[in-house]
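> Just passing along the structure, written as structure tokens.
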Amino acid sequence: MTKDTKEKLSPLTITLHWIVGLTIIGLLALGIYMSQASDYGFYPLHKSIGITIFLIIITRVIWRLINGWPEPVSQYQKIEHMLARIIHYILLIGSVLIPLSGMIMSIMGGHGAAIFGLEIAARNFDPLDPSKAIPHNAELAKLGSFLHEWVSYVVIGALVLHVAGALKHHFISKDATLRRMLGGKVS
């Protein structure tokens with residue numbers, strides 16, 4: 001398998017970056033919509049995509065551990081490099097914690113988990129009132145809910161900084177950082 005170089009990122013790095021990034025952005029937007037509009041009809045879709053992308057995220061984390069971090073395209077200030085590294089860590093860790101905490105919230109809250117209708121964790125509903133879930137562990141469900149919400153906010157902030165950094169590299173520094181992530185080669 002091709003590893004990343006300073007001149008070119010591997011096809012696997014690029015593919016995992018864009019699939020995970022765009023899916024997380026979509027799920028964050030859908031989650032905010034559901035929360036703000038109190039429209040819970042999208043929960044099955046949100047959970048299905050979240051569980052599915054979790055498997056791809058784990059692949060991305062393993063690939064990052066095997067491949068290491070890509071070398072910067074250009075030399076820049078130490079503080080800028082440190083901030084970029086922190087943002088990358090926040091995005092990588094956050095992309096693991098968001099779906100994991102969502103699964104904990106749902107499963108421990110008694111709502112179960114399914115991937116597009118295929119049940120992977122059974123629901124635990126009150127037999128006398130099937131509209132109410134009986135938590136398996138209410139405290140873990142609350143912790144999952146707290147983490148799911150707050151890590152999402154942190155990731156949104158990190159995404160804004162990540163995109164701003166990519167645009168800064170492209171338009172101000174005029175280096176090949178963004179081109180490399182789009183599959184181009186650094187000259």
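Numbering starts fresh at 1 for the residues of each chain in the structure tokens, the chains themselves are lettered A, B, ... in the order given, and ligands are numbered from 1 as they appear.
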Can you pull out every residue within 10 Å of stretch 118-128 of chain A, counting only C-alpha atoms, but drop anything in the same chain fewer than 5 positions away, and send it as a list of chain:residue names?
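Skipping anything fewer than 5 positions along the chain leaves A:Ser48, A:Met103, A:Ser106, A:Ile107, A:Met108, A:Gly109, A:Gly110, A:His111, A:Gly112, A:Ala113, A:Ala133, A:Ile134, A:Pro135, A:His136.
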> Go ahead and save the picked residues with all heavy atoms, as a PDB file, in the first residue's frame.

```
ATOM      1  N   SER A  48     -27.778   5.132  11.600  1.00  0.00           N
ATOM      2  CA  SER A  48     -27.258   4.177  10.613  1.00  0.00           C
ATOM      3  C   SER A  48     -25.979   4.690   9.963  1.00  0.00           C
ATOM      4  O   SER A  48     -24.987   3.963   9.841  1.00  0.00           O
ATOM      5  CB  SER A  48     -28.304   3.897   9.527  1.00  0.00           C
ATOM      6  OG  SER A  48     -29.410   3.214  10.058  1.00  0.00           O
ATOM      7  N   MET A 103     -23.511   5.899  20.050  1.00  0.00           N
ATOM      8  CA  MET A 103     -23.913   4.500  20.234  1.00  0.00           C
ATOM      9  C   MET A 103     -24.137   4.194  21.711  1.00  0.00           C
ATOM     10  O   MET A 103     -25.100   3.509  22.069  1.00  0.00           O
ATOM     11  CB  MET A 103     -22.867   3.557  19.628  1.00  0.00           C
ATOM     12  CG  MET A 103     -22.868   3.556  18.114  1.00  0.00           C
ATOM     13  SD  MET A 103     -21.738   2.353  17.389  1.00  0.00           S
ATOM     14  CE  MET A 103     -20.189   3.236  17.479  1.00  0.00           C
ATOM     15  N   SER A 106     -27.461   5.765  22.776  1.00  0.00           N
ATOM     16  CA  SER A 106     -28.622   5.051  22.251  1.00  0.00           C
ATOM     17  C   SER A 106     -28.790   3.667  22.872  1.00  0.00           C
ATOM     18  O   SER A 106     -29.873   3.320  23.344  1.00  0.00           O
ATOM     19  CB  SER A 106     -28.500   4.926  20.732  1.00  0.00           C
ATOM     20  OG  SER A 106     -29.655   4.348  20.189  1.00  0.00           O
ATOM     21  N   ILE A 107     -27.720   2.898  22.891  1.00  0.00           N
ATOM     22  CA  ILE A 107     -27.819   1.523  23.401  1.00  0.00           C
ATOM     23  C   ILE A 107     -28.069   1.512  24.903  1.00  0.00           C
ATOM     24  O   ILE A 107     -28.974   0.820  25.385  1.00  0.00           O
ATOM     25  CB  ILE A 107     -26.557   0.719  23.024  1.00  0.00           C
ATOM     26  CG1 ILE A 107     -26.490   0.545  21.494  1.00  0.00           C
ATOM     27  CG2 ILE A 107     -26.556  -0.641  23.721  1.00  0.00           C
ATOM     28  CD1 ILE A 107     -25.162   0.035  20.977  1.00  0.00           C
ATOM     29  N   MET A 108     -27.296   2.282  25.658  1.00  0.00           N
ATOM     30  CA  MET A 108     -27.469   2.311  27.122  1.00  0.00           C
ATOM     31  C   MET A 108     -28.780   2.973  27.514  1.00  0.00           C
ATOM     32  O   MET A 108     -29.335   2.682  28.571  1.00  0.00           O
ATOM     33  CB  MET A 108     -26.301   3.019  27.799  1.00  0.00           C
ATOM     34  CG  MET A 108     -24.998   2.265  27.723  1.00  0.00           C
ATOM     35  SD  MET A 108     -25.073   0.679  28.588  1.00  0.00           S
ATOM     36  CE  MET A 108     -24.921  -0.454  27.235  1.00  0.00           C
ATOM     37  N   GLY A 109     -29.303   3.843  26.653  1.00  0.00           N
ATOM     38  CA  GLY A 109     -30.590   4.485  26.911  1.00  0.00           C
ATOM     39  C   GLY A 109     -31.782   3.593  26.583  1.00  0.00           C
ATOM     40  O   GLY A 109     -32.927   3.990  26.760  1.00  0.00           O
ATOM     41  N   GLY A 110     -31.505   2.378  26.067  1.00  0.00           N
ATOM     42  CA  GLY A 110     -32.578   1.427  25.760  1.00  0.00           C
ATOM     43  C   GLY A 110     -33.160   1.580  24.365  1.00  0.00           C
ATOM     44  O   GLY A 110     -34.116   0.892  24.015  1.00  0.00           O
ATOM     45  N   HIS A 111     -32.582   2.468  23.547  1.00  0.00           N
ATOM     46  CA  HIS A 111     -33.122   2.709  22.204  1.00  0.00           C
ATOM     47  C   HIS A 111     -32.543   1.764  21.158  1.00  0.00           C
ATOM     48  O   HIS A 111     -32.991   1.761  20.013  1.00  0.00           O
ATOM     49  CB  HIS A 111     -32.874   4.164  21.789  1.00  0.00           C
ATOM     50  CG  HIS A 111     -33.558   5.131  22.682  1.00  0.00           C
ATOM     51  ND1 HIS A 111     -34.909   5.390  22.617  1.00  0.00           N
ATOM     52  CD2 HIS A 111     -33.078   5.894  23.708  1.00  0.00           C
ATOM     53  CE1 HIS A 111     -35.238   6.277  23.536  1.00  0.00           C
ATOM     54  NE2 HIS A 111     -34.152   6.598  24.220  1.00  0.00           N
ATOM     55  N   GLY A 112     -31.536   0.998  21.531  1.00  0.00           N
ATOM     56  CA  GLY A 112     -30.923   0.052  20.609  1.00  0.00           C
ATOM     57  C   GLY A 112     -30.142   0.743  19.513  1.00  0.00           C
ATOM     58  O   GLY A 112     -29.944   1.961  19.532  1.00  0.00           O
ATOM     59  N   ALA A 113     -29.695  -0.056  18.566  1.00  0.00           N
ATOM     60  CA  ALA A 113     -28.955   0.479  17.420  1.00  0.00           C
ATOM     61  C   ALA A 113     -29.201  -0.424  16.228  1.00  0.00           C
ATOM     62  O   ALA A 113     -29.268  -1.648  16.358  1.00  0.00           O
ATOM     63  CB  ALA A 113     -27.465   0.559  17.727  1.00  0.00           C
ATOM     64  N   ALA A 133     -38.554   3.931  26.309  1.00  0.00           N
ATOM     65  CA  ALA A 133     -37.401   3.042  26.422  1.00  0.00           C
ATOM     66  C   ALA A 133     -37.025   2.889  27.891  1.00  0.00           C
ATOM     67  O   ALA A 133     -37.132   3.834  28.667  1.00  0.00           O
ATOM     68  CB  ALA A 133     -36.223   3.599  25.647  1.00  0.00           C
ATOM     69  N   ILE A 134     -36.593   1.710  28.243  1.00  0.00           N
ATOM     70  CA  ILE A 134     -36.073   1.454  29.581  1.00  0.00           C
ATOM     71  C   ILE A 134     -34.550   1.407  29.458  1.00  0.00           C
ATOM     72  O   ILE A 134     -34.006   0.544  28.765  1.00  0.00           O
ATOM     73  CB  ILE A 134     -36.592   0.113  30.150  1.00  0.00           C
ATOM     74  CG1 ILE A 134     -38.114   0.119  30.231  1.00  0.00           C
ATOM     75  CG2 ILE A 134     -35.957  -0.164  31.514  1.00  0.00           C
ATOM     76  CD1 ILE A 134     -38.710  -1.226  30.610  1.00  0.00           C
ATOM     77  N   PRO A 135     -33.870   2.358  30.088  1.00  0.00           N
ATOM     78  CA  PRO A 135     -32.405   2.388  29.961  1.00  0.00           C
ATOM     79  C   PRO A 135     -31.757   1.130  30.546  1.00  0.00           C
ATOM     80  O   PRO A 135     -32.206   0.601  31.556  1.00  0.00           O
ATOM     81  CB  PRO A 135     -31.995   3.616  30.767  1.00  0.00           C
ATOM     82  CG  PRO A 135     -33.224   4.438  30.909  1.00  0.00           C
ATOM     83  CD  PRO A 135     -34.373   3.472  30.884  1.00  0.00           C
ATOM     84  N   HIS A 136     -30.700   0.693  29.882  1.00  0.00           N
ATOM     85  CA  HIS A 136     -29.879  -0.386  30.441  1.00  0.00           C
ATOM     86  C   HIS A 136     -28.993   0.198  31.535  1.00  0.00           C
ATOM     87  O   HIS A 136     -28.740  -0.455  32.545  1.00  0.00           O
ATOM     88  CB  HIS A 136     -28.995  -1.018  29.361  1.00  0.00           C
ATOM     89  CG  HIS A 136     -29.758  -1.753  28.327  1.00  0.00           C
ATOM     90  ND1 HIS A 136     -30.429  -2.928  28.576  1.00  0.00           N
ATOM     91  CD2 HIS A 136     -29.974  -1.477  27.016  1.00  0.00           C
ATOM     92  CE1 HIS A 136     -31.014  -3.353  27.472  1.00  0.00           C
ATOM     93  NE2 HIS A 136     -30.756  -2.476  26.508  1.00  0.00           N
TER      94      HIS A 136
END
```
> Give me, as a PDB file with C-alpha atoms, in the first residue's frame, the residues of stretch 75-150 of chain A that a backbone DSSP run labels strand (DSSP E).

```pdb
ATOM      1  CA  ALA A 113     -28.955   0.479  17.420  1.00  0.00           C
ATOM      2  CA  ALA A 114     -29.576  -0.526  13.835  1.00  0.00           C
ATOM      3  CA  ILE A 115     -27.845  -0.039  10.525  1.00  0.00           C
ATOM      4  CA  LEU A 118     -30.579  -4.343  10.577  1.00  0.00           C
ATOM      5  CA  GLU A 119     -30.695  -4.476  14.368  1.00  0.00           C
ATOM      6  CA  ILE A 120     -27.257  -4.734  15.992  1.00  0.00           C
ATOM      7  CA  ALA A 121     -28.347  -3.901  19.555  1.00  0.00           C
TER       8      ALA A 121
END
```
> Select, from A:Val163, A:Val73, A:Ile49, A:Ile25, the residue with the minimum atom-to-atom distance to A:Asp4, counting only C-alpha atoms.
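Nearest candidate to A:Asp4 out of A:Val163, A:Val73, A:Ile49, A:Ile25: A:Val73.
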> Can you list, as a VMD selection string, every protein, DNA or RNA residue that comes within 9 Å of A:Ile87 when you count only C-alpha atoms, leaving out same-chain residues fewer than 6 positions away?
chain A and resid 155 158 to 159 161 to 162
> Once DSSP has gone over the backbone, tell me which residues of chain A are in alpha helix (DSSP H), as a VMD selection string.
chain A and resid 11 to 37 43 to 67 78 to 108 138 to 167 177 to 181
> Measuring between only C-alpha atoms, which one of A:Leu92, A:Met105, A:Leu12, A:Leu167 shows the shortest distance to A:Glu139?
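For A:Glu139, the nearest of the candidates is A:Met105.
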> Could you tell me how far atom CA of A:Leu9 lies from atom CA of A:Leu55, in Å and to one decimal?
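Atom-to-atom, atom CA of A:Leu9 to atom CA of A:Leu55, that is 21.7 Å.
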> Please determine, counting only C-alpha atoms, which residue among A:Pro72, A:Gly184, A:Gly94, A:Gly144 has the shortest atom-to-atom distance to A:Pro11.
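With only C-alpha atoms as the atom set, the closest residue is A:Gly184.
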> Choose the residue, out of A:Ser145, A:Thr5, A:Ser35, A:Asn137, that has the smallest atom-to-atom separation from A:Trp69; count only C-alpha atoms.
A:Thr5
